[in-house]
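Okay, input04.csv is below, CSV, C-alpha atoms and all ligand atoms:
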chain,number,residue,atom,x,y,z
M,52,MET,CA,98.1,114.9,102.5
M,53,HIS,CA,96.5,113.6,105.7
M,54,THR,CA,97.9,112.2,108.9
M,55,GLY,CA,95.9,109.8,111.2
M,56,LYS,CA,95.7,106.5,112.9
M,57,GLY,CA,95.1,103.2,111.3
M,58,ARG,CA,94.6,99.7,112.8
M,59,ILE,CA,95.4,96.3,111.4
M,60,ASP,CA,92.1,94.3,111.7
M,61,GLU,CA,93.2,91.2,110.0
M,62,ILE,CA,96.3,89.5,108.4
M,63,LEU,CA,95.6,87.6,105.2
M,64,ILE,CA,97.9,84.9,104.1
M,65,SER,CA,97.5,83.8,100.6
M,66,GLY,CA,100.9,83.3,99.1
M,67,GLU,CA,102.1,86.6,100.6
M,68,ARG,CA,101.0,88.3,103.8
M,69,ALA,CA,98.7,91.2,103.4
M,70,ALA,CA,96.6,93.3,105.9
M,71,GLN,CA,93.2,94.7,106.2
M,72,ILE,CA,93.6,98.2,107.7
M,73,SER,CA,90.8,100.4,109.1
M,74,CYS,CA,91.3,104.1,108.8
M,75,HIS,CA,89.7,107.4,107.9
M,76,PRO,CA,88.3,107.4,104.3
M,77,GLY,CA,90.6,110.4,103.5
M,78,LEU,CA,93.7,108.2,104.1
M,79,ILE,CA,92.7,105.4,101.7
M,80,PRO,CA,95.2,105.6,98.8
M,81,ALA,CA,93.8,105.6,95.3
M,82,PRO,CA,95.2,102.8,93.0
M,83,GLY,CA,98.9,103.3,92.5
M,84,ARG,CA,99.3,105.9,95.3
M,85,TYR,CA,100.6,105.0,98.7
M,86,LEU,CA,100.7,105.8,102.5
M,87,LEU,CA,103.6,105.8,104.8
M,88,ALA,CA,102.8,103.7,107.8
M,89,HIS,CA,104.8,103.5,111.0
M,90,ALA,CA,104.1,101.4,114.1
M,91,GLU,CA,105.4,103.0,117.3
M,92,ALA,CA,105.1,99.6,118.9
M,93,ASP,CA,107.6,98.1,116.4
M,94,SER,CA,111.0,99.2,117.5
M,95,SER,CA,112.6,97.0,114.8
M,96,ALA,CA,111.4,99.3,112.0
M,97,PRO,CA,112.5,102.9,112.5
M,98,LEU,CA,111.5,103.9,108.9
M,99,PRO,CA,107.9,104.0,107.7
M,100,HIS,CA,106.6,101.3,105.4
M,101,PRO,CA,105.0,102.3,102.1
M,102,VAL,CA,101.5,100.9,101.9
M,103,PHE,CA,99.6,100.4,98.6
M,104,ASN,CA,95.9,99.7,98.2
M,105,ALA,CA,95.0,96.1,97.0
M,106,GLY,CA,91.3,96.6,97.3
M,107,TYR,CA,88.6,98.3,99.4
M,108,ALA,CA,87.3,97.0,102.7
M,109,PRO,CA,84.2,98.1,104.7
M,110,ASP,CA,86.1,100.5,107.0
M,111,GLY,CA,89.3,101.0,105.1
M,112,PHE,CA,91.3,99.0,102.6
M,113,TYR,CA,93.5,95.9,102.1
M,114,ALA,CA,97.2,96.8,102.1
M,115,ALA,CA,99.1,95.2,99.3
M,116,ALA,CA,101.7,92.5,100.1
M,117,PRO,CA,104.4,92.5,101.2
M,118,ILE,CA,103.9,93.9,104.6
M,119,PRO,CA,106.4,93.8,107.6
M,120,SER,CA,106.4,90.4,109.4
M,121,THR,CA,106.0,92.3,112.7
M,122,TRP,CA,102.5,93.6,111.7
M,123,LEU,CA,99.8,91.6,113.5
M,124,PRO,CA,96.1,92.1,114.1
M,125,GLY,CA,95.4,94.9,116.6
M,126,LEU,CA,98.6,96.8,115.8
M,127,GLU,CA,98.1,100.6,115.6
M,128,LEU,CA,99.7,102.5,112.8
M,129,ASN,CA,100.6,106.2,112.3
M,130,LEU,CA,99.6,106.9,108.7
M,131,GLN,CA,100.6,109.8,106.4
M,132,GLY,CA,99.4,110.4,102.9
M,133,PRO,CA,98.3,109.5,100.3
M,134,PHE,CA,101.4,110.4,98.4
M,135,GLY,CA,102.4,110.2,94.7
M,136,ARG,CA,100.8,109.9,91.3
M,137,GLY,CA,98.5,106.9,90.9
M,138,PHE,CA,97.0,105.2,87.9
M,139,ASN,CA,94.9,107.2,85.5
M,140,VAL,CA,92.8,104.7,83.5
M,141,PRO,CA,90.7,106.3,80.7
M,142,THR,CA,87.0,105.9,81.5
M,143,SER,CA,86.5,104.9,77.9
M,144,ALA,CA,88.9,101.9,78.2
M,145,ARG,CA,87.1,98.5,77.8
M,146,LYS,CA,90.0,96.1,77.2
M,147,ILE,CA,92.4,96.2,80.1
M,148,ALA,CA,95.7,94.3,80.7
M,149,LEU,CA,97.2,94.3,84.2
M,150,VAL,CA,100.8,93.0,84.0
M,151,ALA,CA,102.5,92.0,87.2
M,152,ALA,CA,106.3,91.6,86.6
M,153,SER,CA,107.3,92.3,90.2
M,154,GLY,CA,106.3,88.9,91.6
M,155,SER,CA,103.1,90.3,93.2
M,156,ALA,CA,99.9,91.5,91.4
M,157,SER,CA,98.4,93.0,94.6
M,158,ARG,CA,99.2,96.6,93.8
M,159,LEU,CA,97.2,96.3,90.6
M,160,LEU,CA,94.2,94.7,92.2
M,161,SER,CA,92.8,97.9,93.6
M,162,LEU,CA,92.0,98.9,90.0
M,163,LEU,CA,89.5,96.1,89.7
M,164,GLU,CA,86.6,97.9,91.3
M,165,GLN,CA,86.7,100.8,88.9
M,166,LEU,CA,87.4,98.5,85.9
M,167,LEU,CA,84.5,96.2,86.6
M,168,ALA,CA,82.2,99.3,87.1
M,169,GLN,CA,83.2,100.5,83.6
M,170,LYS,CA,82.4,97.0,82.3
M,171,ALA,CA,85.9,96.4,81.0
M,172,GLU,CA,87.2,93.0,79.9
M,173,ILE,CA,90.2,92.3,82.2
M,174,VAL,CA,93.2,90.1,81.6
M,175,ILE,CA,95.9,89.8,84.4
M,176,LEU,CA,99.3,88.5,83.4
M,177,SER,CA,101.2,87.3,86.5
M,178,ILE,CA,103.9,85.0,87.6
M,179,ALA,CA,102.4,84.7,91.0
M,180,PRO,CA,99.3,82.6,91.5
M,181,LEU,CA,96.0,84.6,92.0
M,182,GLU,CA,93.1,83.5,94.1
M,183,ASN,CA,89.5,84.7,94.8
M,184,LEU,CA,89.1,86.8,91.7
M,185,PRO,CA,85.8,87.2,89.7
M,186,ARG,CA,85.5,84.4,87.1
M,187,ALA,CA,85.2,86.9,84.3
M,188,ILE,CA,88.8,87.9,84.8
M,189,GLU,CA,91.3,86.0,82.7
M,190,ILE,CA,94.6,85.0,84.2
M,191,LEU,CA,97.5,84.4,81.8
M,192,PRO,CA,101.3,83.9,82.2
M,193,LEU,CA,103.7,86.8,81.5
M,194,SER,CA,104.7,85.1,78.3
M,195,ALA,CA,101.3,86.1,76.8
M,196,LEU,CA,102.3,89.8,76.7
M,197,PRO,CA,103.0,89.9,72.9
M,198,GLU,CA,99.5,88.7,72.1
M,199,THR,CA,97.8,90.7,74.9
M,200,ALA,CA,99.3,94.1,74.4
M,201,PRO,CA,97.9,94.8,70.9
M,202,TRP,CA,94.4,93.8,72.2
M,203,ALA,CA,94.5,96.2,75.2
M,204,ASP,CA,93.4,99.8,75.0
M,205,TYR,CA,94.9,100.3,78.5
M,206,LEU,CA,97.9,98.4,80.0
M,207,ALA,CA,99.3,98.8,83.5
M,208,LEU,CA,102.7,97.2,84.2
M,209,ASP,CA,104.0,96.7,87.8
M,210,LEU,CA,107.7,96.1,87.9
M,211,PRO,CA,110.7,96.7,90.2
M,212,ARG,CA,113.1,99.6,89.3
M,213,HIS,CA,116.0,97.2,88.7
M,214,GLN,CA,114.1,95.6,85.8
M,215,LEU,CA,113.0,98.9,84.2
M,216,GLU,CA,115.9,99.4,81.8
M,217,PHE,CA,116.0,95.8,80.6
M,218,THR,CA,112.2,95.6,80.3
M,219,LEU,CA,111.9,98.7,78.2
M,220,GLU,CA,114.8,97.7,76.0
M,221,LYS,CA,113.3,94.3,75.3
M,222,TYR,CA,109.5,95.0,75.4
M,223,ARG,CA,109.0,98.7,74.3
M,224,PRO,CA,107.9,97.7,70.8
M,225,ILE,CA,105.4,95.3,72.2
M,226,LEU,CA,104.1,97.8,74.8
M,227,LEU,CA,103.7,100.4,72.1
M,228,THR,CA,101.1,98.2,70.5
M,229,ALA,CA,98.7,98.8,73.5
M,230,GLY,CA,96.7,102.0,73.8
M,231,VAL,CA,97.7,103.8,77.0
M,232,VAL,CA,100.5,102.2,79.0
M,233,GLU,CA,101.3,103.1,82.6
M,234,LEU,CA,104.1,101.7,84.7
M,235,LEU,CA,104.1,101.3,88.5
M,236,VAL,CA,107.8,101.4,89.4
M,237,GLU,CA,108.6,99.6,92.7
M,238,THR,CA,111.3,101.4,94.6
M,239,PRO,CA,112.0,102.1,98.3
M,240,LEU,CA,109.9,105.1,99.4
M,241,PRO,CA,111.3,105.9,102.8
M,242,CYS,CA,110.5,109.6,103.0
M,243,GLY,CA,107.6,110.1,100.6
M,244,GLY,CA,109.4,113.2,99.2
M,245,ILE,CA,109.3,115.0,102.6
M,246,ALA,CA,113.1,114.7,103.2
M,247,GLU,CA,114.1,114.7,99.5
M,248,CYS,CA,116.4,111.7,100.3
M,249,GLY,CA,116.7,110.7,96.6
M,250,VAL,CA,116.5,107.0,97.3
M,251,CYS,CA,113.6,106.6,94.9
M,252,ALA,CA,115.2,108.2,91.9
M,253,VAL,CA,114.2,106.7,88.5
M,254,ARG,CA,116.0,107.4,85.3
M,255,GLN,CA,113.8,108.8,82.5
M,256,ARG,CA,114.2,110.2,79.0
M,257,LYS,CA,114.8,113.8,80.4
M,258,GLY,CA,116.9,112.9,83.5
M,259,TYR,CA,116.0,111.6,86.9
M,260,ALA,CA,112.6,111.8,88.6
M,261,LEU,CA,111.6,111.0,92.2
M,262,ALA,CA,109.2,108.1,92.2
M,263,CYS,CA,107.8,109.2,95.5
M,264,LYS,CA,106.4,112.4,94.0
M,265,ALA,CA,106.4,112.2,90.2
M,266,GLY,CA,105.4,108.5,90.4
M,267,PRO,CA,105.4,105.8,91.4
M,268,VAL,CA,103.1,105.5,88.4
M,269,PHE,CA,104.6,106.9,85.2
M,270,THR,CA,103.5,106.7,81.6
M,271,LEU,CA,105.5,104.8,79.0
M,272,THR,CA,106.2,108.1,77.2
M,273,ASP,CA,108.2,109.3,80.3
M,274,PHE,CA,110.9,106.8,79.5
V,301,LIG,S1,111.5,108.6,99.0
V,301,LIG,FE1,112.8,110.2,99.7
V,301,LIG,S2,113.0,111.5,97.9
V,301,LIG,FE2,111.6,109.9,97.3
Hey, can you dump this file as structure tokens for me?
Ligand code: FES
Amino acid sequence: MHTGKGRIDEILISGERAAQISCHPGLIPAPGRYLLAHAEADSSAPLPHPVFNAGYAPDGFYAAAPIPSTWLPGLELNLQGPFGRGFNVPTSARKIALVAASGSASRLLSLLEQLLAQKAEIVILSIAPLENLPRAIEILPLSALPETAPWADYLALDLPRHQLEFTLEKYRPILLTAGVVELLVETPLPCGGIAECGVCAVRQRKGYALACKAGPVFTLTDF
């Protein structure tokens, strides 16, 4: 875990607000992991904001949407992290499905660099519109999950915690037709595990787990 300064270089508005953040390379979160970011100049936000990677930038990374409305270009951030368990895509995977059930696919987009490097075919299922992606990436609606899962040898699903139980109850048989399945569970992450606040608890097969430390990426077999 590192601490350091970051700076918002640019705000990107394409459906949702996202930010380009410059920082030390050691602070850039791997896909699925996160930083805690706090702006001293922003008195309206006493708690740090969890920041996920949506892609790599020349001097840092693109922070996944949503970001606080008070974040503007030039704002300095105190950064801590990276925290948590991120995605672990098998290097042998060649057919990849990225499924955004949370309303934003941005937390999944940081996987693209690795996936394109390993020459994988990529399908993104999303309810949100997606722009500026390589033409080779196929974009489908969420309703294509039953046909897509059996094709995929790796599937990443991003969903909010309140949808977890319902999603697994309804779609577990379909998800089990994919090779490896990982779930990025979106919860509040106010302390990153430092204060053990318990706000991020996720119910699993063997009891509760803290998404801030044991996740926020879990495997399907954890549930
Ligand atoms: S965010 Fe506080 S224990 Fe997980």
**OP:** Return the single residue from M:Ala69, M:Ala195, M:Leu78, M:Ala200 that is closest to M:Ser155, with distances computed using all atoms listed in the file.
**Re:**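 Smallest separation from M:Ser155 among the options: M:Ala69.
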Original post:
From the list M:Arg136, M:Lys264, M:His89, M:Lys221, which residue is nearest ligand LIG 301 (chain V) when using only C-alpha atoms and all ligand atoms?
Top reply: M:Lys264
**OP:** Name each residue within 9 Å of ligand LIG 301 (chain V), counting only C-alpha atoms and all ligand atoms, as a count of residues only.
**Re:** 20
Subject >> Selection: 9 Å around stretch 224-228 of chain M, all atoms listed in the file, excl. self and same-chain fewer than 6 positions, as an MDAnalysis selection string >> reply: chainID M and resid 196:198 200:203 206 271
Original post:
Using only C-alpha atoms, which of M:Gln255, M:Thr272, M:Thr54, M:Ser194 sits nearest M:Glu216?
Top reply: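 The shortest atom-to-atom distance to M:Glu216 comes from M:Gln255.
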Subject >> Residues within 8 Å of M:Phe269, all atoms listed in the file, excluding chain neighbours under 4 positions, as a PyMOL selection string >> reply: chain M and resi 136+233-236+265+273
